[in-house]
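Okay, data.cif now, which holds mmCIF, C-alpha atoms:
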```cif
data_start
#
loop_
_atom_site.label_atom_id
_atom_site.label_comp_id
_atom_site.auth_asym_id
_atom_site.auth_seq_id
_atom_site.Cartn_x
_atom_site.Cartn_y
_atom_site.Cartn_z
CA MET A 340 33.12 4.46 -14.06
CA SER A 341 35.25 1.39 -13.38
CA SER A 342 33.87 -1.59 -11.54
CA LEU A 343 34.70 -1.93 -7.85
CA PRO A 344 35.54 -5.09 -5.85
CA SER A 345 32.47 -6.89 -4.47
CA SER A 346 33.53 -6.09 -0.89
CA SER A 347 33.63 -2.36 -1.69
CA VAL A 348 30.22 -2.54 -3.33
CA SER A 349 28.74 -4.29 -0.29
CA THR A 350 30.22 -1.72 2.10
CA ALA A 351 29.06 1.27 0.05
CA LEU A 352 25.53 -0.01 -0.59
CA ALA A 353 24.85 -1.60 2.81
CA PRO A 354 23.21 1.60 4.15
CA TYR A 355 20.67 1.29 1.32
CA GLY A 356 19.77 -2.33 2.12
CA TRP A 357 22.31 -4.33 0.10
CA ASP A 358 22.89 -7.81 1.53
CA ASP A 359 24.29 -11.20 0.53
CA ALA A 360 21.02 -12.26 -1.12
CA TRP A 361 21.04 -9.18 -3.37
CA ALA A 362 24.70 -9.81 -4.17
CA ASP A 363 23.90 -13.38 -5.25
CA ALA A 364 21.02 -12.18 -7.42
CA PHE A 365 23.28 -9.58 -9.03
CA ALA A 366 26.18 -11.97 -9.76
CA PRO A 367 25.22 -12.65 -13.43
CA TYR A 368 25.11 -8.90 -14.14
CA GLU A 369 28.40 -8.34 -12.33
CA ALA A 370 29.97 -10.88 -14.69
CA GLU A 371 28.81 -8.67 -17.58
CA GLY A 372 30.56 -5.66 -16.09
CA LEU A 373 27.34 -3.88 -15.03
CA LEU A 374 27.04 -1.74 -11.91
CA ALA A 375 24.77 -2.52 -8.96
CA GLY A 376 22.64 0.27 -7.59
CA ARG A 377 19.35 1.19 -5.99
CA VAL A 378 16.83 3.52 -7.58
CA VAL A 379 16.29 6.54 -5.34
CA ARG A 380 14.07 8.54 -7.71
CA VAL A 381 12.22 8.08 -11.01
CA ASP A 382 11.25 11.01 -13.19
CA ARG A 383 9.91 10.97 -16.77
CA GLY A 384 11.60 7.83 -18.01
CA GLN A 385 14.85 8.43 -16.19
CA CYS A 386 16.02 7.58 -12.71
CA ASP A 387 18.66 8.48 -10.14
CA VAL A 388 20.59 5.44 -8.98
CA VAL A 389 22.89 5.27 -5.98
CA THR A 390 25.91 3.05 -6.68
CA ALA A 391 29.14 2.24 -4.89
CA GLY A 392 30.79 4.99 -6.94
CA GLY A 393 28.15 7.61 -6.23
CA LEU A 394 24.84 8.86 -7.61
CA LEU A 395 24.26 8.62 -11.37
CA ARG A 396 21.47 9.32 -13.84
CA ALA A 397 20.21 6.56 -16.12
CA ASP A 398 17.54 6.02 -18.74
CA THR A 399 14.91 3.33 -18.09
CA ALA A 400 13.77 2.92 -21.71
CA PHE A 401 15.69 -0.34 -22.14
CA VAL A 402 13.62 -2.13 -19.48
CA THR A 403 10.28 -0.30 -19.81
CA PRO A 404 7.69 -2.83 -21.07
CA HIS A 405 4.02 -2.37 -21.89
CA ASP A 406 3.12 -3.84 -18.48
CA PRO A 407 3.05 -0.87 -16.04
CA LEU A 408 3.80 -3.22 -13.15
CA ARG A 409 7.21 -4.02 -14.62
CA VAL A 410 8.56 -0.52 -15.01
CA VAL A 411 11.54 0.59 -12.94
CA CYS A 412 10.38 2.22 -9.71
CA THR A 413 11.80 3.75 -6.55
CA GLY A 414 13.29 1.04 -4.34
CA ASP A 415 14.34 -1.28 -7.17
CA TRP A 416 17.82 -2.78 -7.24
CA VAL A 417 19.11 -2.45 -10.77
CA ALA A 418 21.97 -3.31 -13.12
CA VAL A 419 23.30 -0.16 -14.79
CA GLU A 420 25.71 0.36 -17.65
CA PRO A 421 29.13 1.58 -16.40
CA GLY A 422 29.19 4.33 -19.05
CA GLY A 423 27.47 5.73 -22.10
CA ASN A 424 25.53 8.80 -23.08
CA PRO A 425 22.77 8.20 -22.30
CA ARG A 426 23.47 5.54 -19.72
CA TYR A 427 20.83 2.77 -19.46
CA VAL A 428 19.38 0.58 -16.74
CA ARG A 429 19.69 -2.92 -18.20
CA ALA A 430 17.57 -4.87 -15.68
CA TYR A 431 16.14 -4.81 -12.20
CA LEU A 432 16.50 -7.63 -9.69
CA PRO A 433 13.43 -9.70 -8.70
CA ARG A 434 11.41 -7.72 -6.16
CA ARG A 435 10.90 -9.04 -2.66
CA THR A 436 7.83 -6.86 -2.12
CA ALA A 437 5.90 -4.36 -4.23
CA PHE A 438 3.32 -1.76 -3.24
CA VAL A 439 0.73 -1.62 -6.04
CA ARG A 440 -2.50 0.32 -6.42
CA SER A 441 -5.11 0.55 -9.16
CA THR A 442 -4.91 3.62 -11.38
CA SER A 443 -7.89 5.90 -11.96
CA SER A 444 -7.90 5.13 -15.69
CA LYS A 445 -10.79 3.25 -17.26
CA ARG A 446 -8.34 0.48 -18.16
CA SER A 447 -7.88 -0.19 -14.42
CA GLU A 448 -4.17 -0.78 -14.72
CA GLY A 449 -1.97 -1.41 -11.74
CA GLN A 450 0.59 1.18 -10.73
CA ILE A 451 3.63 0.22 -8.70
CA LEU A 452 4.51 2.86 -6.11
CA ALA A 453 7.55 1.36 -4.37
CA ALA A 454 9.56 -1.85 -4.38
CA ASN A 455 11.45 -3.92 -1.82
CA VAL A 456 9.72 -2.32 1.16
CA ASP A 457 9.84 -3.82 4.65
CA HIS A 458 7.52 -1.41 6.49
CA ALA A 459 4.58 0.59 5.16
CA VAL A 460 3.83 3.58 7.40
CA VAL A 461 0.30 4.90 6.89
CA ALA A 462 0.33 8.50 8.09
CA VAL A 463 -3.02 9.83 9.34
CA SER A 464 -3.44 13.38 10.60
CA LEU A 465 -5.22 14.02 13.90
CA ALA A 466 -5.92 17.53 12.62
CA ALA A 467 -8.91 16.16 10.69
CA GLU A 468 -11.69 13.70 11.41
CA LEU A 469 -10.53 10.09 11.18
CA ASP A 470 -11.54 8.28 8.01
CA LEU A 471 -11.40 4.66 9.18
CA ALA A 472 -12.52 3.27 5.83
CA ARG A 473 -9.58 4.96 4.09
CA ILE A 474 -7.18 3.62 6.70
CA GLU A 475 -8.52 0.11 6.05
CA ARG A 476 -8.02 0.64 2.32
CA PHE A 477 -4.38 1.69 2.80
CA LEU A 478 -3.79 -1.27 5.09
CA ALA A 479 -5.22 -3.75 2.58
CA LEU A 480 -2.71 -2.56 -0.01
CA ALA A 481 0.11 -2.58 2.53
CA TRP A 482 -0.59 -6.15 3.66
CA GLU A 483 -0.90 -7.29 0.05
CA SER A 484 2.49 -5.77 -0.79
CA GLY A 485 4.25 -8.08 1.63
CA ALA A 486 5.36 -5.25 3.92
CA GLN A 487 4.51 -4.86 7.61
CA PRO A 488 2.01 -1.99 8.02
CA VAL A 489 2.27 0.62 10.76
CA VAL A 490 -0.31 3.36 11.37
CA VAL A 491 1.15 6.65 12.57
CA LEU A 492 -1.31 9.23 13.90
CA THR A 493 0.54 12.49 13.21
CA LYS A 494 0.15 15.94 14.78
CA ALA A 495 -0.64 14.35 18.15
CA ASP A 496 0.11 17.69 19.83
CA LEU A 497 -3.22 18.94 18.43
CA VAL A 498 -5.04 16.44 20.69
CA PRO A 499 -3.53 17.10 24.13
CA ASP A 500 -6.39 15.50 26.05
CA ALA A 501 -5.27 11.96 26.93
CA VAL A 502 -8.81 10.53 27.08
CA THR A 503 -9.79 11.89 23.66
CA ARG A 504 -6.54 10.68 22.14
CA GLY A 505 -7.05 7.26 23.72
CA HIS A 506 -10.47 6.95 22.09
CA LEU A 507 -9.01 7.86 18.68
CA VAL A 508 -6.23 5.30 19.04
CA HIS A 509 -8.75 2.65 20.07
CA ASP A 510 -10.90 3.36 17.02
CA VAL A 511 -7.91 2.92 14.72
CA GLU A 512 -6.70 -0.20 16.53
CA THR A 513 -10.16 -1.75 16.07
CA SER A 514 -9.87 -1.07 12.34
CA ALA A 515 -6.27 -2.32 12.13
CA PRO A 516 -5.95 -5.73 13.83
CA GLY A 517 -2.36 -6.88 14.11
CA VAL A 518 -0.99 -3.45 13.16
CA PRO A 519 1.02 -1.19 15.50
CA VAL A 520 -0.66 2.20 16.01
CA LEU A 521 1.60 5.05 17.12
CA THR A 522 0.85 8.66 18.04
CA VAL A 523 3.60 11.00 16.89
CA SER A 524 4.23 14.72 17.05
CA ALA A 525 7.07 15.98 14.88
CA ARG A 526 6.71 19.36 16.58
CA ASP A 527 7.62 18.19 20.10
CA GLY A 528 9.28 14.85 19.22
CA GLU A 529 6.69 12.62 20.88
CA GLY A 530 6.80 9.05 19.59
CA LEU A 531 9.65 9.69 17.14
CA ASP A 532 12.05 7.40 19.01
CA VAL A 533 9.68 4.45 18.64
CA LEU A 534 9.11 5.15 14.95
CA ALA A 535 12.84 5.60 14.36
CA ALA A 536 13.48 2.18 15.91
CA ILE A 537 10.98 0.61 13.51
CA THR A 538 12.34 2.35 10.41
CA ALA A 539 15.94 1.51 11.27
CA GLY A 540 15.35 -2.11 10.29
CA GLY A 541 15.10 -1.95 6.49
CA THR A 542 13.16 0.06 3.91
CA THR A 543 10.10 2.06 4.94
CA VAL A 544 7.58 3.72 2.63
CA LEU A 545 5.51 6.68 3.87
CA LEU A 546 1.91 6.68 2.65
CA GLY A 547 -1.07 8.94 3.21
CA GLN A 548 -3.17 11.78 1.90
CA SER A 549 -1.94 15.32 1.29
CA GLY A 550 -1.83 17.14 4.59
CA ALA A 551 -1.16 13.99 6.61
CA GLY A 552 2.23 15.33 7.65
CA LYS A 553 4.39 12.85 5.73
CA SER A 554 7.06 15.35 4.68
CA THR A 555 7.26 16.81 8.19
CA LEU A 556 7.58 13.28 9.55
CA ALA A 557 10.27 12.46 6.99
CA ASN A 558 12.27 15.56 7.96
CA ALA A 559 12.02 14.62 11.63
CA LEU A 560 13.34 11.11 10.95
CA LEU A 561 16.09 12.43 8.66
CA GLY A 562 17.14 15.05 11.21
CA GLU A 563 17.14 17.84 8.63
CA ASP A 564 14.74 19.70 6.35
CA VAL A 565 15.08 17.65 3.18
CA MET A 566 11.44 17.53 2.13
CA ASP A 567 9.40 20.63 1.32
CA VAL A 568 6.62 21.36 3.81
CA ARG A 569 3.61 23.63 3.36
CA GLU A 570 0.87 24.69 5.72
CA ILE A 571 -2.45 22.84 5.53
CA ARG A 572 -5.80 24.54 5.04
CA ASP A 573 -7.63 25.40 8.26
CA VAL A 574 -11.02 24.72 6.67
CA ASP A 575 -10.57 20.99 6.13
CA GLY A 576 -7.13 20.02 7.41
CA LYS A 577 -5.91 19.17 3.92
CA GLY A 578 -2.85 20.36 2.09
CA ARG A 579 -1.38 20.58 -1.38
CA HIS A 580 1.14 18.05 -2.64
CA THR A 581 4.59 19.00 -1.37
CA THR A 582 6.19 15.76 -2.54
CA THR A 583 5.80 15.24 -6.28
CA THR A 584 8.02 12.19 -6.77
CA ARG A 585 8.90 9.13 -4.72
CA ASN A 586 12.31 9.68 -3.12
CA LEU A 587 14.46 7.12 -1.32
CA LEU A 588 16.65 8.59 1.43
CA ALA A 589 19.11 7.00 3.86
CA LEU A 590 18.21 7.52 7.53
CA PRO A 591 20.92 8.57 10.01
CA GLY A 592 19.93 5.78 12.41
CA GLY A 593 20.02 3.11 9.73
CA GLY A 594 17.47 2.00 7.17
CA VAL A 595 16.06 3.97 4.25
CA LEU A 596 12.85 5.94 3.78
CA ILE A 597 10.70 6.34 0.66
CA ASP A 598 8.50 9.43 0.84
CA THR A 599 5.57 9.45 -1.58
CA PRO A 600 3.23 12.13 -2.93
CA GLY A 601 -0.14 12.44 -1.22
CA LEU A 602 -2.47 9.80 -2.63
CA ARG A 603 -5.95 11.04 -3.55
CA GLY A 604 -6.98 7.62 -4.87
CA VAL A 605 -5.97 4.31 -3.35
CA GLY A 606 -7.76 1.78 -5.51
CA LEU A 607 -7.21 -1.87 -4.72
CA TRP A 608 -5.24 -4.04 -7.13
CA ASP A 609 -5.65 -7.80 -6.66
CA ALA A 610 -5.54 -7.34 -2.88
CA GLY A 611 -7.80 -10.17 -1.76
CA SER A 612 -5.44 -11.53 0.88
CA GLY A 613 -4.70 -7.99 2.10
CA VAL A 614 -8.42 -7.33 2.61
CA GLY A 615 -8.65 -10.61 4.51
CA GLN A 616 -5.87 -9.54 6.88
CA VAL A 617 -7.40 -6.13 7.52
CA PHE A 618 -10.70 -7.78 8.42
CA SER A 619 -9.23 -10.84 10.09
CA GLU A 620 -11.97 -10.97 12.74
CA ILE A 621 -14.63 -11.23 10.01
CA GLU A 622 -12.67 -13.94 8.21
CA GLU A 623 -12.43 -15.83 11.50
CA LEU A 624 -16.16 -15.49 12.16
CA ALA A 625 -16.92 -16.65 8.61
CA GLY A 626 -15.36 -20.00 9.47
CA ASN A 627 -18.34 -20.64 11.76
CA CYS A 628 -21.03 -19.85 9.18
CA ARG A 629 -23.41 -22.66 8.24
CA PHE A 630 -22.51 -22.40 4.55
CA HIS A 631 -18.90 -22.34 3.38
CA ASP A 632 -19.75 -19.84 0.61
CA CYS A 633 -21.81 -17.58 2.87
CA ALA A 634 -21.98 -14.01 1.57
CA HIS A 635 -22.92 -12.64 5.02
CA GLU A 636 -25.99 -10.87 3.67
CA CYS A 637 -29.14 -12.78 4.62
CA GLU A 638 -28.12 -16.44 4.86
CA PRO A 639 -29.39 -18.50 7.82
CA GLY A 640 -26.72 -19.54 10.30
CA CYS A 641 -24.39 -16.67 9.37
CA ALA A 642 -21.95 -16.16 12.23
CA VAL A 643 -20.91 -12.75 10.88
CA LEU A 644 -24.45 -11.34 10.89
CA GLU A 645 -25.03 -12.82 14.32
CA ALA A 646 -21.93 -10.97 15.60
CA VAL A 647 -23.33 -7.71 14.19
CA GLU A 648 -26.70 -8.30 15.86
CA THR A 649 -25.14 -9.06 19.25
CA GLY A 650 -22.77 -6.09 19.08
CA GLY A 651 -19.60 -8.12 18.70
CA LEU A 652 -18.89 -6.69 15.24
CA PRO A 653 -19.56 -3.07 14.21
CA GLN A 654 -21.85 -2.74 11.19
CA ARG A 655 -19.39 -0.22 9.77
CA ARG A 656 -16.66 -2.86 9.65
CA LEU A 657 -18.87 -5.29 7.76
CA ASP A 658 -19.96 -2.59 5.30
CA SER A 659 -16.34 -1.63 4.65
CA TYR A 660 -15.35 -5.28 4.22
CA ARG A 661 -18.10 -5.85 1.66
CA LYS A 662 -17.17 -2.70 -0.25
CA LEU A 663 -13.48 -3.56 -0.52
CA LEU A 664 -14.22 -7.15 -1.50
CA ARG A 665 -16.58 -6.01 -4.27
CA GLU A 666 -14.05 -3.48 -5.54
CA ASN A 667 -11.23 -5.98 -5.53
CA GLN A 668 -13.34 -8.61 -7.25
CA TYR A 669 -14.28 -6.11 -9.95
CA ILE A 670 -10.64 -5.17 -10.61
CA VAL A 671 -9.48 -8.79 -10.75
CA ALA A 672 -12.40 -9.81 -12.96
CA LYS A 673 -11.42 -7.22 -15.58
CA THR A 674 -8.24 -9.18 -16.27
CA ASP A 675 -9.47 -12.71 -15.48
CA ALA A 676 -12.00 -14.25 -17.86
CA ARG A 677 -12.49 -17.31 -15.66
CA LEU A 678 -13.37 -15.17 -12.66
CA ARG A 679 -15.79 -13.11 -14.75
CA ALA A 680 -17.60 -16.33 -15.69
CA GLU A 681 -17.72 -17.40 -12.04
CA ILE A 682 -19.19 -14.02 -11.04
CA ARG A 683 -21.89 -14.32 -13.70
CA ARG A 684 -22.77 -17.83 -12.49
CA ASP A 685 -22.91 -16.54 -8.91
CA TRP A 686 -25.25 -13.71 -9.94
CA LYS A 687 -27.54 -16.20 -11.69
CA ARG A 688 -27.50 -18.49 -8.64
CA LYS A 689 -28.37 -15.67 -6.26
CA GLY A 690 -31.04 -14.46 -8.66
CA ALA A 691 -32.60 -17.92 -8.73
CA ILE A 692 -32.52 -18.14 -4.92
CA GLY A 693 -34.17 -14.72 -4.63
CA LYS A 694 -36.84 -15.64 -7.16
CA ALA A 695 -37.60 -18.90 -5.35
CA ALA A 696 -37.85 -17.05 -2.03
CA MET A 697 -40.30 -14.55 -3.52
CA GLU A 698 -42.42 -17.34 -5.00
CA ALA A 699 -42.51 -19.12 -1.66
CA LYS A 700 -43.50 -15.88 0.09
CA ARG A 701 -46.32 -15.28 -2.37
CA GLY A 702 -47.53 -18.84 -1.89
CA ARG A 703 -47.91 -18.33 1.86
CA PHE A 704 -50.19 -15.33 1.37
CA ARG A 705 -52.53 -16.88 -1.24
#
```
Final structure tokens representation of the file:
Amino acid sequence: MSSLPSSSVSTALAPYGWDDAWADAFAPYEAEGLLAGRVVRVDRGQCDVVTAGGLLRADTAFVTPHDPLRVVCTGDWVAVEPGGNPRYVRAYLPRRTAFVRSTSSKRSEGQILAANVDHAVVAVSLAAELDLARIERFLALAWESGAQPVVVLTKADLVPDAVTRGHLVHDVETSAPGVPVLTVSARDGEGLDVLAAITAGGTTVLLGQSGAGKSTLANALLGEDVMDVREIRDVDGKGRHTTTTRNLLALPGGGVLIDTPGLRGVGLWDAGSGVGQVFSEIEELAGNCRFHDCAHECEPGCAVLEAVETGGLPQRRLDSYRKLLRENQYIVAKTDARLRAEIRRDWKRKGAIGKAAMEAKRGRFR
């Protein structure tokens, strides 16, 4: 495959997000005669790459390191050999954003799901009871990635009552400050125009559990049945995985879409700032606590606990905040010796405070 003029490359790859900044980043590889392309699918050490000359298959072994966060993934812009059997990806360009979760392995490694994403659409089915804690977990990862989260409540036609639907939307909005919440029905087209306008401006990744309606939503945005769709179970509103790989597809109205398999586990991976954004009202309240290192558990002058007592902050939100913070701290500590030492010192400090409080309490009753 011969190299094409830069102007032809820009024209051909523009629908996939190519811009002047990517062209500048790719310039050193262009000088070596390599091809620019975007990864649209990764499968067992190989990937499909869309280039100005068409779709090609390439091996990722050349750039696969021991660090799982540096493997080639869907959404990457890469430099590919113009020929060869097998053909190799030689490098990927520095990522602007990256959606990363913790794996379920005991090693607690990070797994990158998608790269260079502008919008992260969290699909939540209204066919099942809302799991607000899971939504908050998805949003923490989305904020941490650098993308703008959007919550899409799918299968809105199953909740025709406007009052009931309004309550559901309000519950999600309370759990997702600063995040647009849309109700969408792929069956009757409700809300699709608004979502299409959002996805037209860059790269969007679809996230959610199996049965959330991601593939149906993807087909509606694409205007054709590209993704396989299966019926969900009536007993619990869940479905089997219909998407088994992450696929990047160009949308007819502009922008590209990455559909992902249903995620059973969404473990945090160094998502401290993302958790802070999801629970921004708690972070704001914490600024008024008497102690700057207040843990919001039993400290005097805690503005967060006061808000819970007066009804300004739901106890569920505080519980979820604590849980995600603990989980994130645990994951980070496994790879950060300094943080592990700080956690041990904090445990000892809290233990000493608790012991002193017990001694004082005993003294009052002697």
Residue IDs satisfying the PyMOL selection byres ((chain A and resi 507-521) around 8), as a short mmCIF file (atom, residue, chain, number, x, y, z; two decimals) with C-alpha atoms, keeping the file's coordinate frame:
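Ended up saving to expr.cif:
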```cif
data_model
loop_
_atom_site.label_atom_id
_atom_site.label_comp_id
_atom_site.auth_asym_id
_atom_site.auth_seq_id
_atom_site.Cartn_x
_atom_site.Cartn_y
_atom_site.Cartn_z
CA LEU A 469 -10.53 10.09 11.18
CA LEU A 471 -11.40 4.66 9.18
CA ILE A 474 -7.18 3.62 6.70
CA GLU A 475 -8.52 0.11 6.05
CA LEU A 478 -3.79 -1.27 5.09
CA GLN A 487 4.51 -4.86 7.61
CA PRO A 488 2.01 -1.99 8.02
CA VAL A 489 2.27 0.62 10.76
CA VAL A 490 -0.31 3.36 11.37
CA VAL A 491 1.15 6.65 12.57
CA LEU A 492 -1.31 9.23 13.90
CA THR A 503 -9.79 11.89 23.66
CA ARG A 504 -6.54 10.68 22.14
CA GLY A 505 -7.05 7.26 23.72
CA HIS A 506 -10.47 6.95 22.09
CA THR A 522 0.85 8.66 18.04
CA VAL A 523 3.60 11.00 16.89
CA GLY A 530 6.80 9.05 19.59
CA LEU A 534 9.11 5.15 14.95
CA GLN A 616 -5.87 -9.54 6.88
CA VAL A 617 -7.40 -6.13 7.52
CA PHE A 618 -10.70 -7.78 8.42
CA SER A 619 -9.23 -10.84 10.09
CA ARG A 656 -16.66 -2.86 9.65
#
```
**Asked** Any idea what's packed within 6 Å of Ala486 (chain A), counting all atoms listed in the file, ignoring anything in its chain fewer than 6 positions away? Could you give it as an MDAnalysis selection string?
**Response** chainID A and resid 456:458
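Distance annotation: of A:Gly547, A:Gly594, A:Pro367, A:Pro433, the residue with the minimal separation from Asp470 (chain A) is A:Gly547; atom set is all atoms listed in the file.
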**Request:** State, in Å with one decimal place, the distance from CA of Gly528 (chain A) to CA of Asp496 (chain A).
**Result:**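 Computed distance, CA of Gly528 (chain A) to CA of Asp496 (chain A), equals 9.6 Å.
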**Straight-line distance linking CA of Tyr669 (chain A) with CA of Asp609 (chain A), stated in Å to one decimal** = 9.4 Å
**Request:** May I ask which of the residues A:Val463, A:Leu395, A:Leu352, A:Val378 is the closest one to Gly422 (chain A), counting only C-alpha atoms?
**Result:** A:Leu395
Show me, as AutoDock Vina command-line options, the centre and edge lengths in Å to one decimal of the axis-aligned box that covers every listed atom of region 463-472 of chain A with 4 Å on each side.
```
--center_x -7.8 --center_y 10.4 --center_z 9.9 --size_x 17.5 --size_y 22.3 --size_z 16.1
```
**Message:** I need the output of the PyMOL selection byres ((chain A and resi 612) around 8) for this file as a list of chain:residue names; which residues are they?
**Reply:** A:Ala479, A:Trp482, A:Glu483, A:Ala610, A:Gly611, A:Gly613, A:Val614, A:Gly615, A:Gln616
**Message:** Need to verify the contact set: Gly593 (chain A), 8 Å, all atoms listed in the file, exclusion of same-chain residues closer than 6 positions in sequence. Can you return it as a ChimeraX atom specification?
**Reply:** /A:354,538-541
Given the selection you just returned, output its residues as a file containing C-alpha atoms, formatted as a PDB file, in the coordinates of the input.
```pdb
ATOM      1  CA  PRO A 354      23.210   1.600   4.150  1.00  0.00           C
ATOM      2  CA  THR A 538      12.340   2.350  10.410  1.00  0.00           C
ATOM      3  CA  ALA A 539      15.940   1.510  11.270  1.00  0.00           C
ATOM      4  CA  GLY A 540      15.350  -2.110  10.290  1.00  0.00           C
ATOM      5  CA  GLY A 541      15.100  -1.950   6.490  1.00  0.00           C
TER       6      GLY A 541
END
```
**Request:** Find the residue from A:Thr493, A:Tyr427, A:Gly384, A:Val348 that sits nearest to Asp527 (chain A); use only C-alpha atoms when measuring.
**Result:** A:Thr493
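Each of A:Arg476, A:Arg434, A:His405, A:Arg377 was checked against Val419 (chain A) using all atoms listed in the file; the smallest atom-to-atom distance is that of A:Arg377.
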**Pairwise distance for CA of Ala454 (chain A) and CA of Leu587 (chain A), rounded to one decimal in Å** =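 Going from CA of Ala454 (chain A) over to CA of Leu587 (chain A) covers 10.7 Å.
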**Request:** Rank A:Gly640, A:Gly376, A:Gly485, A:Gly449 by their smallest atom-to-atom distance to Tyr431 (chain A), using only C-alpha atoms, and report the top residue only.
**Result:** A:Gly376
**Result set, the PyMOL selection byres ((chain A and resi 381) around 8) on current file, as a PyMOL selection string** = chain A and resi 378-380+382-387+411-413+584-585
**Request:** Name the residues in contact with region 630-638 of chain A at a cut-off of 10 Å, using all atoms listed in the file, excluding same-chain residues fewer than 4 positions from it; report them as a count of residues only.
**Result:** 9
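For the set A:Glu622, A:Glu563, A:Asp598, A:Asp359, the residue with the smallest atom-to-atom gap to Leu545 (chain A) is A:Asp598, counting only C-alpha atoms.
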As a short mmCIF file (atom, residue, chain, number, x, y, z; two decimals), in the coordinates of the input, please: region 609-628 of chain A completed to N, CA and C atoms.
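For reference, selection.cif as written:
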```cif
data_model
loop_
_atom_site.label_atom_id
_atom_site.label_comp_id
_atom_site.auth_asym_id
_atom_site.auth_seq_id
_atom_site.Cartn_x
_atom_site.Cartn_y
_atom_site.Cartn_z
N ASP A 609 -5.84 -6.40 -6.99
CA ASP A 609 -5.65 -7.80 -6.66
C ASP A 609 -5.16 -7.95 -5.22
N ALA A 610 -5.95 -7.39 -4.29
CA ALA A 610 -5.54 -7.34 -2.88
C ALA A 610 -6.45 -8.18 -2.00
N GLY A 611 -6.88 -9.33 -2.51
CA GLY A 611 -7.80 -10.17 -1.76
C GLY A 611 -7.26 -10.63 -0.41
N SER A 612 -6.00 -11.07 -0.39
CA SER A 612 -5.44 -11.53 0.88
C SER A 612 -5.21 -10.36 1.82
N GLY A 613 -4.88 -9.18 1.26
CA GLY A 613 -4.70 -7.99 2.10
C GLY A 613 -6.00 -7.58 2.77
N VAL A 614 -7.11 -7.64 2.02
CA VAL A 614 -8.42 -7.33 2.61
C VAL A 614 -8.72 -8.33 3.73
N GLY A 615 -8.41 -9.60 3.50
CA GLY A 615 -8.65 -10.61 4.51
C GLY A 615 -7.89 -10.35 5.80
N GLN A 616 -6.65 -9.82 5.69
CA GLN A 616 -5.87 -9.54 6.88
C GLN A 616 -6.39 -8.31 7.62
N VAL A 617 -6.85 -7.31 6.87
CA VAL A 617 -7.40 -6.13 7.52
C VAL A 617 -8.65 -6.47 8.32
N PHE A 618 -9.44 -7.38 7.77
CA PHE A 618 -10.70 -7.78 8.42
C PHE A 618 -10.58 -9.22 8.93
N SER A 619 -9.51 -9.48 9.63
CA SER A 619 -9.23 -10.84 10.09
C SER A 619 -10.31 -11.37 11.02
N GLU A 620 -10.93 -10.49 11.82
CA GLU A 620 -11.97 -10.97 12.74
C GLU A 620 -13.21 -11.43 11.97
N ILE A 621 -13.50 -10.80 10.82
CA ILE A 621 -14.63 -11.23 10.01
C ILE A 621 -14.31 -12.56 9.32
N GLU A 622 -13.09 -12.68 8.84
CA GLU A 622 -12.67 -13.94 8.21
C GLU A 622 -12.74 -15.09 9.22
N GLU A 623 -12.37 -14.80 10.46
CA GLU A 623 -12.43 -15.83 11.50
C GLU A 623 -13.87 -16.20 11.81
N LEU A 624 -14.74 -15.22 11.91
CA LEU A 624 -16.16 -15.49 12.16
C LEU A 624 -16.77 -16.29 11.02
N ALA A 625 -16.36 -15.99 9.78
CA ALA A 625 -16.92 -16.65 8.61
C ALA A 625 -16.68 -18.16 8.64
N GLY A 626 -15.62 -18.57 9.36
CA GLY A 626 -15.36 -20.00 9.47
C GLY A 626 -16.43 -20.75 10.24
N ASN A 627 -17.28 -20.01 10.97
CA ASN A 627 -18.34 -20.64 11.76
C ASN A 627 -19.71 -20.53 11.10
N CYS A 628 -19.76 -19.95 9.89
CA CYS A 628 -21.03 -19.85 9.18
C CYS A 628 -21.52 -21.23 8.74
#
```
